[in-house]
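To be precise, the following lines are upload08.cif, and they hold mmCIF, C-alpha atoms.
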data_structure
#
loop_
_atom_site.label_atom_id
_atom_site.label_comp_id
_atom_site.auth_asym_id
_atom_site.auth_seq_id
_atom_site.Cartn_x
_atom_site.Cartn_y
_atom_site.Cartn_z
CA MET A 1 11.47 -16.44 25.52
CA ILE A 2 12.09 -13.10 23.79
CA SER A 3 9.27 -10.59 23.75
CA HIS A 4 8.91 -7.18 22.26
CA PRO A 5 7.95 -4.63 24.95
CA THR A 6 4.79 -3.59 23.07
CA MET A 7 3.78 -6.99 21.73
CA SER A 8 2.13 -9.96 23.36
CA ALA A 9 3.52 -12.48 20.87
CA LYS A 10 6.86 -14.09 21.77
CA TYR A 11 9.76 -15.49 19.85
CA SER A 12 11.23 -18.74 21.14
CA ILE A 13 15.01 -19.19 21.09
CA HIS A 14 14.34 -22.81 20.18
CA THR A 15 12.05 -21.76 17.33
CA ILE A 16 14.59 -19.35 15.89
CA ARG A 17 17.34 -21.96 16.19
CA LYS A 18 15.16 -24.55 14.52
CA LEU A 19 14.39 -22.10 11.70
CA LEU A 20 18.04 -21.35 11.21
CA LEU A 21 19.04 -25.01 11.18
CA SER A 22 16.31 -25.91 8.73
CA LYS A 23 17.46 -23.16 6.40
CA MET A 24 21.05 -24.27 6.66
CA SER A 25 20.23 -27.93 6.03
CA LEU A 26 18.61 -26.90 2.77
CA GLY A 27 21.54 -24.73 1.81
CA VAL A 28 19.15 -21.83 1.41
CA ALA A 29 20.80 -18.51 0.86
CA PRO A 30 18.63 -15.86 2.58
CA THR A 31 21.03 -14.66 5.86
CA ILE A 32 22.55 -15.26 9.06
CA ARG A 33 24.40 -12.00 8.72
CA CYS A 34 20.99 -10.32 8.58
CA LEU A 35 19.92 -11.90 11.89
CA SER A 36 23.24 -10.92 13.45
CA TYR A 37 22.58 -7.35 12.28
CA HIS A 38 19.15 -7.36 13.88
CA VAL A 39 20.51 -8.67 17.17
CA ALA A 40 23.19 -6.00 17.22
CA ASN A 41 20.69 -3.26 16.42
CA ARG A 42 17.91 -4.59 18.66
CA SER A 43 15.34 -4.42 15.87
CA ILE A 44 13.88 -7.75 16.98
CA THR A 45 15.16 -7.63 20.57
CA ARG A 46 14.54 -4.02 21.59
CA GLY A 47 14.03 -3.69 25.30
CA ILE A 48 15.22 -7.18 26.21
CA SER A 49 18.12 -8.06 28.48
CA SER A 50 21.64 -8.11 27.10
CA SER A 51 22.03 -11.70 28.26
CA ILE A 52 19.19 -12.84 26.00
CA SER A 53 20.59 -10.80 23.13
CA ASN A 54 23.96 -12.42 23.64
CA LYS A 55 22.35 -15.85 23.75
CA LEU A 56 20.59 -15.20 20.44
CA ALA A 57 23.80 -13.92 18.90
CA SER A 58 25.52 -17.05 20.18
CA ILE A 59 22.97 -19.24 18.44
CA VAL A 60 23.59 -17.37 15.21
CA ASP A 61 27.34 -17.79 15.57
CA LYS A 62 27.11 -21.50 16.44
CA THR A 63 24.70 -22.20 13.62
CA SER A 64 26.96 -20.39 11.18
CA SER A 65 29.95 -22.35 12.47
CA ASN A 66 28.13 -25.70 12.31
CA THR A 67 27.13 -25.16 8.70
CA SER A 68 30.46 -23.92 7.41
CA SER A 69 31.82 -27.45 7.19
CA THR A 70 28.78 -28.86 5.39
CA HIS A 71 28.49 -25.97 2.95
CA PRO A 72 32.00 -24.54 2.76
CA THR A 73 31.35 -22.53 -0.41
CA THR A 74 27.84 -21.26 0.36
CA GLU A 75 27.24 -18.47 2.85
CA SER A 76 24.09 -19.38 4.75
CA VAL A 77 21.60 -16.59 5.01
CA ILE A 78 18.26 -15.83 6.65
CA SER A 79 16.54 -12.67 5.51
CA SER A 80 14.71 -9.97 7.42
CA ALA A 81 11.65 -10.88 5.37
CA THR A 82 11.81 -14.39 6.83
CA ILE A 83 12.31 -13.12 10.38
CA HIS A 84 9.42 -10.64 10.33
CA ALA A 85 6.94 -12.59 8.21
CA ALA A 86 6.27 -14.90 11.14
CA GLY A 87 5.79 -12.07 13.61
CA PRO A 88 2.61 -10.59 15.10
CA LEU A 89 0.52 -7.66 13.86
CA ARG A 90 2.44 -4.48 14.67
CA ASN A 91 2.07 -0.71 14.52
CA ASP A 92 5.54 0.09 15.86
CA TRP A 93 7.72 -0.69 12.86
CA THR A 94 11.00 1.17 12.56
CA LYS A 95 12.34 2.46 9.28
CA ALA A 96 15.41 0.25 9.72
CA GLU A 97 13.23 -2.85 9.98
CA ILE A 98 11.16 -1.93 6.93
CA GLN A 99 14.30 -1.13 4.94
CA ALA A 100 15.81 -4.51 5.87
CA ILE A 101 12.65 -6.33 4.77
CA HIS A 102 12.52 -4.36 1.51
CA ASP A 103 16.19 -5.13 0.81
CA SER A 104 15.88 -8.88 1.48
CA PRO A 105 16.89 -11.22 -1.37
CA LEU A 106 14.11 -10.80 -3.91
CA LEU A 107 12.96 -14.41 -4.22
CA ASP A 108 12.83 -14.80 -0.45
CA LEU A 109 10.94 -11.51 -0.13
CA ILE A 110 8.37 -12.71 -2.67
CA PHE A 111 8.07 -16.08 -0.92
CA GLN A 112 7.50 -14.49 2.49
CA GLY A 113 5.03 -11.98 1.06
CA ALA A 114 3.11 -14.89 -0.44
CA ALA A 115 3.19 -16.77 2.88
CA VAL A 116 1.82 -13.80 4.82
CA HIS A 117 -0.82 -13.28 2.13
CA ARG A 118 -1.99 -16.89 2.38
CA LYS A 119 -2.12 -16.71 6.15
CA ASN A 120 -4.35 -13.64 6.19
CA HIS A 121 -6.35 -13.76 2.93
CA ASN A 122 -7.84 -16.17 0.44
CA PRO A 123 -5.03 -16.49 -2.14
CA LEU A 124 -7.55 -17.36 -4.86
CA GLN A 125 -9.41 -14.06 -4.60
CA VAL A 126 -8.51 -10.66 -6.04
CA GLN A 127 -10.76 -7.73 -5.15
CA GLN A 128 -11.92 -5.77 -8.19
CA CYS A 129 -12.70 -2.10 -7.69
CA THR A 130 -13.88 0.49 -10.19
CA LEU A 131 -12.75 4.10 -9.91
CA LEU A 132 -14.77 6.83 -11.61
CA SER A 133 -13.89 10.52 -11.82
CA ILE A 134 -17.23 12.16 -11.10
CA LYS A 135 -15.75 15.68 -11.19
CA THR A 136 -12.70 16.05 -13.42
CA GLY A 137 -10.01 18.74 -13.76
CA GLY A 138 -9.69 22.32 -12.59
CA CYS A 139 -8.17 21.35 -9.24
CA SER A 140 -6.48 24.16 -7.27
CA GLU A 141 -3.79 21.82 -5.90
CA ASP A 142 -0.36 21.63 -7.54
CA CYS A 143 0.38 17.88 -7.23
CA SER A 144 3.29 17.42 -9.66
CA TYR A 145 2.06 14.05 -10.93
CA CYS A 146 -1.57 14.99 -11.56
CA PRO A 147 -2.95 16.08 -14.95
CA GLN A 148 -6.08 17.43 -13.23
CA SER A 149 -4.26 20.33 -11.60
CA SER A 150 -5.18 23.76 -12.94
CA LYS A 151 -1.51 24.68 -12.46
CA HIS A 152 -0.42 22.36 -15.30
CA LYS A 153 -1.03 22.59 -19.03
CA THR A 154 -2.46 19.17 -19.90
CA ASN A 155 -5.23 17.90 -22.15
CA VAL A 156 -7.58 17.36 -19.20
CA LYS A 157 -10.58 19.69 -19.33
CA ALA A 158 -12.49 20.77 -16.26
CA THR A 159 -16.02 19.36 -15.91
CA LYS A 160 -18.92 19.76 -13.55
CA LEU A 161 -20.08 17.04 -11.16
CA MET A 162 -21.65 14.14 -13.04
CA ASP A 163 -25.40 13.77 -12.62
CA SER A 164 -27.02 10.95 -10.72
CA ASP A 165 -28.16 8.86 -13.69
CA ALA A 166 -24.68 8.70 -15.20
CA VAL A 167 -23.00 7.79 -11.92
CA ILE A 168 -25.51 5.10 -10.96
CA GLU A 169 -25.39 3.59 -14.45
CA ALA A 170 -21.58 3.43 -14.22
CA ALA A 171 -21.89 1.67 -10.87
CA ARG A 172 -24.33 -0.88 -12.30
CA ARG A 173 -21.98 -1.63 -15.19
CA ALA A 174 -19.09 -2.02 -12.76
CA LYS A 175 -21.05 -4.49 -10.67
CA GLU A 176 -22.03 -6.50 -13.73
CA ALA A 177 -18.36 -6.60 -14.76
CA GLY A 178 -17.37 -8.13 -11.43
CA SER A 179 -16.39 -5.15 -9.27
CA SER A 180 -17.38 -5.38 -5.62
CA ARG A 181 -16.35 -1.81 -4.75
CA PHE A 182 -17.23 1.42 -6.57
CA CYS A 183 -14.99 4.42 -5.95
CA MET A 184 -15.84 8.03 -6.81
CA GLY A 185 -13.20 10.73 -7.14
CA THR A 186 -13.42 14.51 -7.43
CA ALA A 187 -10.66 16.95 -8.40
CA TRP A 188 -11.06 19.16 -5.34
CA ARG A 189 -8.82 20.34 -2.52
CA ASP A 190 -11.71 20.03 -0.05
CA LEU A 191 -15.49 20.33 0.26
CA ASP A 192 -15.64 23.86 1.62
CA GLY A 193 -18.36 25.84 -0.17
CA ARG A 194 -19.57 22.74 -2.03
CA ASN A 195 -22.64 21.87 0.04
CA SER A 196 -24.91 21.30 -2.96
CA ASN A 197 -22.46 18.95 -4.64
CA PHE A 198 -21.71 17.18 -1.36
CA ASN A 199 -25.42 16.53 -0.84
CA LYS A 200 -25.54 14.94 -4.30
CA ILE A 201 -22.54 12.75 -3.51
CA ILE A 202 -24.20 11.63 -0.28
CA SER A 203 -27.20 10.50 -2.32
CA TYR A 204 -24.88 8.65 -4.75
CA VAL A 205 -23.28 6.80 -1.83
CA GLU A 206 -26.67 5.79 -0.44
CA GLU A 207 -27.97 4.51 -3.76
CA ILE A 208 -24.84 2.56 -4.69
CA LYS A 209 -24.69 1.07 -1.21
CA GLY A 210 -28.28 -0.02 -1.75
CA MET A 211 -27.15 -1.94 -4.85
CA GLY A 212 -25.08 -4.23 -2.62
CA MET A 213 -21.71 -2.71 -3.48
CA GLU A 214 -19.01 -1.33 -1.23
CA VAL A 215 -18.59 2.41 -1.77
CA CYS A 216 -15.41 4.47 -1.59
CA CYS A 217 -14.84 8.18 -2.14
CA THR A 218 -11.83 10.45 -2.56
CA LEU A 219 -13.03 14.04 -2.23
CA GLY A 220 -10.02 15.85 -0.80
CA MET A 221 -9.75 17.01 2.79
CA LEU A 222 -12.66 16.45 5.18
CA ASN A 223 -13.80 17.99 8.43
CA ASP A 224 -15.40 15.94 11.21
CA GLU A 225 -18.99 16.73 10.21
CA GLN A 226 -18.41 15.72 6.60
CA ALA A 227 -16.78 12.45 7.65
CA GLN A 228 -19.74 11.67 9.91
CA ARG A 229 -22.24 12.35 7.11
CA LEU A 230 -20.38 10.00 4.78
CA LYS A 231 -20.39 7.32 7.46
CA LYS A 232 -24.13 7.74 8.02
CA ALA A 233 -24.72 7.46 4.25
CA GLY A 234 -23.03 4.05 4.28
CA LEU A 235 -19.56 4.86 2.91
CA THR A 236 -17.30 1.82 3.17
CA ALA A 237 -13.90 3.45 2.71
CA TYR A 238 -12.30 6.83 2.10
CA ASN A 239 -9.18 7.21 -0.01
CA HIS A 240 -6.59 9.77 1.01
CA ASN A 241 -3.08 8.85 -0.08
CA VAL A 242 0.05 10.10 1.68
CA ASP A 243 1.78 9.89 -1.74
CA THR A 244 5.39 9.65 -0.54
CA SER A 245 7.58 10.21 2.51
CA ARG A 246 7.12 13.22 4.75
CA GLU A 247 10.59 14.43 3.72
CA TYR A 248 10.09 14.18 -0.05
CA TYR A 249 6.47 15.37 -0.03
CA PRO A 250 7.24 19.16 -0.31
CA LYS A 251 9.04 18.48 -3.59
CA ILE A 252 5.82 17.05 -5.05
CA ILE A 253 3.05 19.15 -3.48
CA THR A 254 3.11 22.62 -1.91
CA THR A 255 -0.60 23.46 -1.62
CA ARG A 256 -1.41 20.87 1.04
CA SER A 257 0.79 19.79 3.92
CA TYR A 258 1.62 16.24 4.92
CA GLU A 259 0.05 16.91 8.30
CA GLU A 260 -3.21 17.94 6.65
CA ARG A 261 -3.31 14.57 4.89
CA LEU A 262 -2.75 12.74 8.17
CA ASN A 263 -5.43 14.85 9.88
CA THR A 264 -8.00 13.83 7.24
CA ILE A 265 -7.03 10.17 7.66
CA GLN A 266 -7.55 10.51 11.41
CA ARG A 267 -10.98 12.09 10.95
CA VAL A 268 -11.98 9.23 8.66
CA MET A 269 -10.87 6.69 11.29
CA ASP A 270 -12.66 8.61 14.05
CA ALA A 271 -15.88 8.47 12.00
CA GLY A 272 -15.60 4.68 11.75
CA ILE A 273 -14.90 4.63 8.00
CA SER A 274 -12.22 2.32 6.63
CA VAL A 275 -9.10 4.08 5.42
CA CYS A 276 -7.68 3.55 1.95
CA SER A 277 -4.24 5.12 1.81
CA GLY A 278 -1.07 4.42 -0.12
CA GLY A 279 1.32 6.24 -2.39
CA ILE A 280 3.17 6.54 -5.67
CA ILE A 281 6.61 5.35 -6.64
CA GLY A 282 8.56 6.79 -9.56
CA LEU A 283 8.20 10.46 -8.53
CA GLY A 284 11.97 10.91 -8.43
CA GLU A 285 12.19 9.79 -4.82
CA GLU A 286 14.94 7.65 -3.29
CA THR A 287 14.42 4.20 -1.81
CA HIS A 288 14.46 5.64 1.71
CA ASP A 289 11.46 7.80 0.74
CA ARG A 290 9.52 4.70 -0.24
CA ILE A 291 10.44 3.22 3.12
CA GLY A 292 9.30 6.42 4.81
CA MET A 293 5.93 6.22 3.08
CA LEU A 294 5.44 2.60 4.21
CA HIS A 295 6.56 3.57 7.71
CA THR A 296 3.91 6.31 7.89
CA LEU A 297 1.17 3.89 6.86
CA SER A 298 2.28 0.95 9.00
CA THR A 299 2.58 3.04 12.16
CA LEU A 300 -0.90 4.57 12.02
CA SER A 301 -2.99 3.61 15.06
CA GLU A 302 -4.78 1.20 12.71
CA HIS A 303 -3.35 -0.06 9.45
CA PRO A 304 -5.28 1.14 6.39
CA GLU A 305 -7.92 -1.30 5.20
CA SER A 306 -6.55 -0.79 1.69
CA VAL A 307 -3.04 0.19 0.60
CA PRO A 308 -2.83 1.18 -3.08
CA ILE A 309 0.68 1.00 -4.51
CA ASN A 310 0.82 3.20 -7.60
CA ALA A 311 3.55 3.42 -10.24
CA LEU A 312 3.72 6.86 -11.81
CA LEU A 313 2.19 7.20 -15.25
CA ALA A 314 3.95 10.34 -16.46
CA VAL A 315 1.56 12.69 -18.25
CA ASP A 316 2.60 15.36 -20.76
CA GLY A 317 2.23 18.84 -19.34
CA THR A 318 2.95 17.86 -15.73
CA PRO A 319 6.27 18.62 -14.01
CA LEU A 320 7.00 14.88 -13.89
CA GLN A 321 6.34 14.24 -17.57
CA ASP A 322 9.90 13.05 -18.24
CA LYS A 323 10.23 10.59 -15.36
CA LYS A 324 11.27 7.09 -16.35
CA PRO A 325 8.76 4.25 -15.80
CA VAL A 326 9.06 2.17 -12.66
CA ASP A 327 10.71 -1.22 -13.06
CA ILE A 328 8.59 -4.27 -12.19
CA TRP A 329 11.09 -5.37 -9.53
CA GLU A 330 10.65 -2.08 -7.70
CA MET A 331 6.90 -2.64 -7.68
CA VAL A 332 7.25 -6.23 -6.47
CA ARG A 333 9.51 -5.17 -3.59
CA MET A 334 7.04 -2.51 -2.48
CA ILE A 335 4.09 -4.90 -2.64
CA ALA A 336 5.81 -7.71 -0.75
CA THR A 337 7.11 -5.33 1.92
CA ALA A 338 3.68 -3.74 2.37
CA ARG A 339 2.15 -7.21 2.65
CA ILE A 340 4.58 -8.30 5.38
CA ILE A 341 4.29 -5.18 7.55
CA MET A 342 0.52 -4.69 7.03
CA PRO A 343 -0.63 -8.30 6.72
CA ARG A 344 -4.39 -7.74 6.93
CA ALA A 345 -4.61 -4.84 4.49
CA MET A 346 -5.80 -5.16 0.92
CA VAL A 347 -2.66 -4.35 -1.05
CA ARG A 348 -3.87 -2.84 -4.29
CA LEU A 349 -1.91 -3.01 -7.55
CA SER A 350 -3.07 0.37 -8.76
CA ALA A 351 -2.02 3.01 -11.28
CA GLY A 352 0.74 1.95 -13.65
CA ARG A 353 -0.53 -1.62 -13.89
CA VAL A 354 -1.30 -0.99 -17.55
CA ARG A 355 2.44 -0.97 -18.25
CA PHE A 356 3.03 -4.42 -16.77
CA THR A 357 2.68 -7.65 -18.72
CA ALA A 358 0.38 -10.43 -17.56
CA SER A 359 3.40 -12.31 -16.19
CA GLU A 360 4.60 -9.26 -14.29
CA GLN A 361 1.16 -8.69 -12.79
CA ALA A 362 1.03 -12.34 -11.74
CA LEU A 363 4.32 -11.82 -9.93
CA CYS A 364 2.76 -8.89 -8.05
CA PHE A 365 -0.16 -11.09 -6.99
CA LEU A 366 2.26 -13.77 -5.86
CA ALA A 367 4.16 -11.20 -3.79
CA GLY A 368 0.98 -10.22 -1.93
CA ALA A 369 -1.20 -7.91 -4.00
CA ASN A 370 -4.86 -8.91 -3.76
CA SER A 371 -6.78 -5.96 -5.18
CA ILE A 372 -6.90 -4.05 -8.48
CA PHE A 373 -8.79 -1.25 -10.15
CA SER A 374 -10.68 -2.55 -13.15
CA GLY A 375 -12.06 -0.52 -16.04
CA ASP A 376 -10.33 1.28 -18.88
CA LYS A 377 -9.54 4.44 -16.90
CA LEU A 378 -8.21 5.43 -13.48
CA LEU A 379 -9.67 8.92 -13.10
CA THR A 380 -7.96 10.35 -16.22
CA THR A 381 -5.10 7.92 -16.93
CA PRO A 382 -5.27 4.63 -18.89
CA ASN A 383 -5.96 1.31 -17.18
CA ASN A 384 -6.11 -2.32 -18.25
CA ASP A 385 -8.96 -3.41 -20.48
CA LYS A 386 -11.51 -5.56 -18.64
CA ASN A 387 -11.18 -8.31 -21.24
CA GLU A 388 -7.44 -8.45 -20.60
CA ASP A 389 -8.10 -8.73 -16.87
CA SER A 390 -10.64 -11.50 -17.44
CA ALA A 391 -8.13 -13.42 -19.57
CA LEU A 392 -5.43 -13.00 -16.91
CA PHE A 393 -7.65 -14.23 -14.11
CA GLU A 394 -8.73 -17.17 -16.23
CA ILE A 395 -5.08 -18.17 -16.59
CA LEU A 396 -4.34 -17.66 -12.91
#

Let's see the structure in the file written out as structure tokens.
Amino acid sequence: MISHPTMSAKYSIHTIRKLLLSKMSLGVAPTIRCLSYHVANRSITRGISSSISNKLASIVDKTSSNTSSTHPTTESVISSATIHAAGPLRNDWTKAEIQAIHDSPLLDLIFQGAAVHRKNHNPLQVQQCTLLSIKTGGCSEDCSYCPQSSKHKTNVKATKLMDSDAVIEAARRAKEAGSSRFCMGTAWRDLDGRNSNFNKIISYVEEIKGMGMEVCCTLGMLNDEQAQRLKKAGLTAYNHNVDTSREYYPKIITTRSYEERLNTIQRVMDAGISVCSGGIIGLGEETHDRIGMLHTLSTLSEHPESVPINALLAVDGTPLQDKKPVDIWEMVRMIATARIIMPRAMVRLSAGRVRFTASEQALCFLAGANSIFSGDKLLTTPNNDKNEDSALFEIL
């Protein structure tokens, strides 16, 4: 038996051989070379004896040799997605492992994402959340993608905090439309000096929770006391995205450090609130930055309860206004990879969904997405019409 030094689950040589042989008998193309790579680099055999590694490599070589005569023109393949989809829950992923999963043959990656999804969630359910900007614009941060920053010249106008009646009415409408979670966002760096507004938000959380809905907030950075108050009020989850990789982050935001984001996430976890944290693709980053973002999230002490995957919606007046839209295949790869490495998380198809056709969204759900934001706006950017969503779900 082969065991990872930090995992209780074990991989059987017989099981791996059986998997390989079954793949070869079907002439399936996802890769023996990939398994050989993993053996050589110890990504699935780190910390084990060289004799076991050699034995596993031998199985790969023999299986490859045995199949060459039956399929002389087809190179037999088993992907990293296949190898890791059957593994245990982990918080010790390496970037090399995540990259290999992400780069697996697309159809196999989608299939394995779907398999992990079905193992850990009801495949017939998609969580609907509603996100409302309860305090818009005028933010002191300089996030390059955000039209709410006071540093950018956009059409977004600064507003005061919405009053109670308007917020609660929006929550009621969201519940009637099928949303189970109501999320409130404010364009703030943090809550310092905002005690009056924070007290109002606490009352909003309590009232919406009393309506039988889950409640989420994204209010910027938190201290320990603020996190504890939100927990006591009944907050279900707190959103605080990491946005991108640690390395690429300074090119997108300079007014808040990556470490400050991680510190807020830790305070939320310490308070016993579920973490909602993901990022954005299409910021001008490279693939390795997307891998870095997923690595940050998947190696937290606890995986986020929700992982929103956003595709940039470029807004006029922001530094990223000329960025090209994300391709659907990029989105599918991110979703399937997130699903495999964080199997129990809700993987949310978030901003940018409005650009994808019904068929493309269905592909995202197949790959492992099981949550969306519903409603015609995501804070200040467009979102899918609820009637369109209803029609899509009726088809699916």

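Proximity ranking of A:Asn241, A:Asn120, A:Thr236, A:Ser150 relative to Cys216 of chain A places A:Thr236 first, based on only C-alpha atoms.
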
_Residue among A:Leu124, A:Val77, A:Leu191, A:Cys276 lying closest to Leu366 of chain A, counting all atoms listed in the file_ = A:Leu124

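With distances taken over all atoms listed in the file, A:Lys95 is the one residue among A:Lys231, A:Lys95, A:Lys324, A:Lys135 lying closest to Arg290 of chain A.
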
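Distances from A:Leu161, A:Leu109, A:Ala177, A:Ala227 to Ala336 of chain A were compared using all atoms listed in the file, and the smallest one belongs to A:Leu109.
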
_Which residues, named as in the file, does the PyMOL selection byres ((chain A and resi 205) around 8) pick out? Answer as a PyMOL selection string._
chain A and resi 201-204+206-209+215+230+233-235

_Could you tell me how far atom CA of Phe198 of chain A sits from atom CA of Ser371 of chain A, in Å to one decimal place?_
27.8 Å

*List, as a list in words, every residue that the PyMOL selection byres ((chain A and resi 315-322) around 9) selects in the file provided.*
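Against this file, the PyMOL selection byres ((chain A and resi 315-322) around 9) returns the residues Cys143, Ser144, Tyr145, Cys146, Pro147, Ser149, Lys151, His152, Lys153, Thr154, Asn155, Leu283, Gly284, Leu312, Leu313, Ala314, Lys323, Lys324 and Thr381 of chain A.
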
*Go through the shown structure with the PyMOL selection byres ((chain A and resi 298) around 10) and write out the matching residues as a list in words.*
Arg90, Asn91, Asp92, Trp93, Thr94, Ile98, Gly292, Met293, Leu294, His295, Thr296, Leu297, Thr299, Leu300, Ser301, Glu302, His303, Pro304, Val307, Ala338, Ile341, Met342 and Pro343 of chain A

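Nearest-residue note for Ser390 of chain A: choosing from A:Thr337, A:Gln128, A:Ser104, A:Ser164, the minimum distance belongs to A:Gln128, counting all atoms listed in the file.
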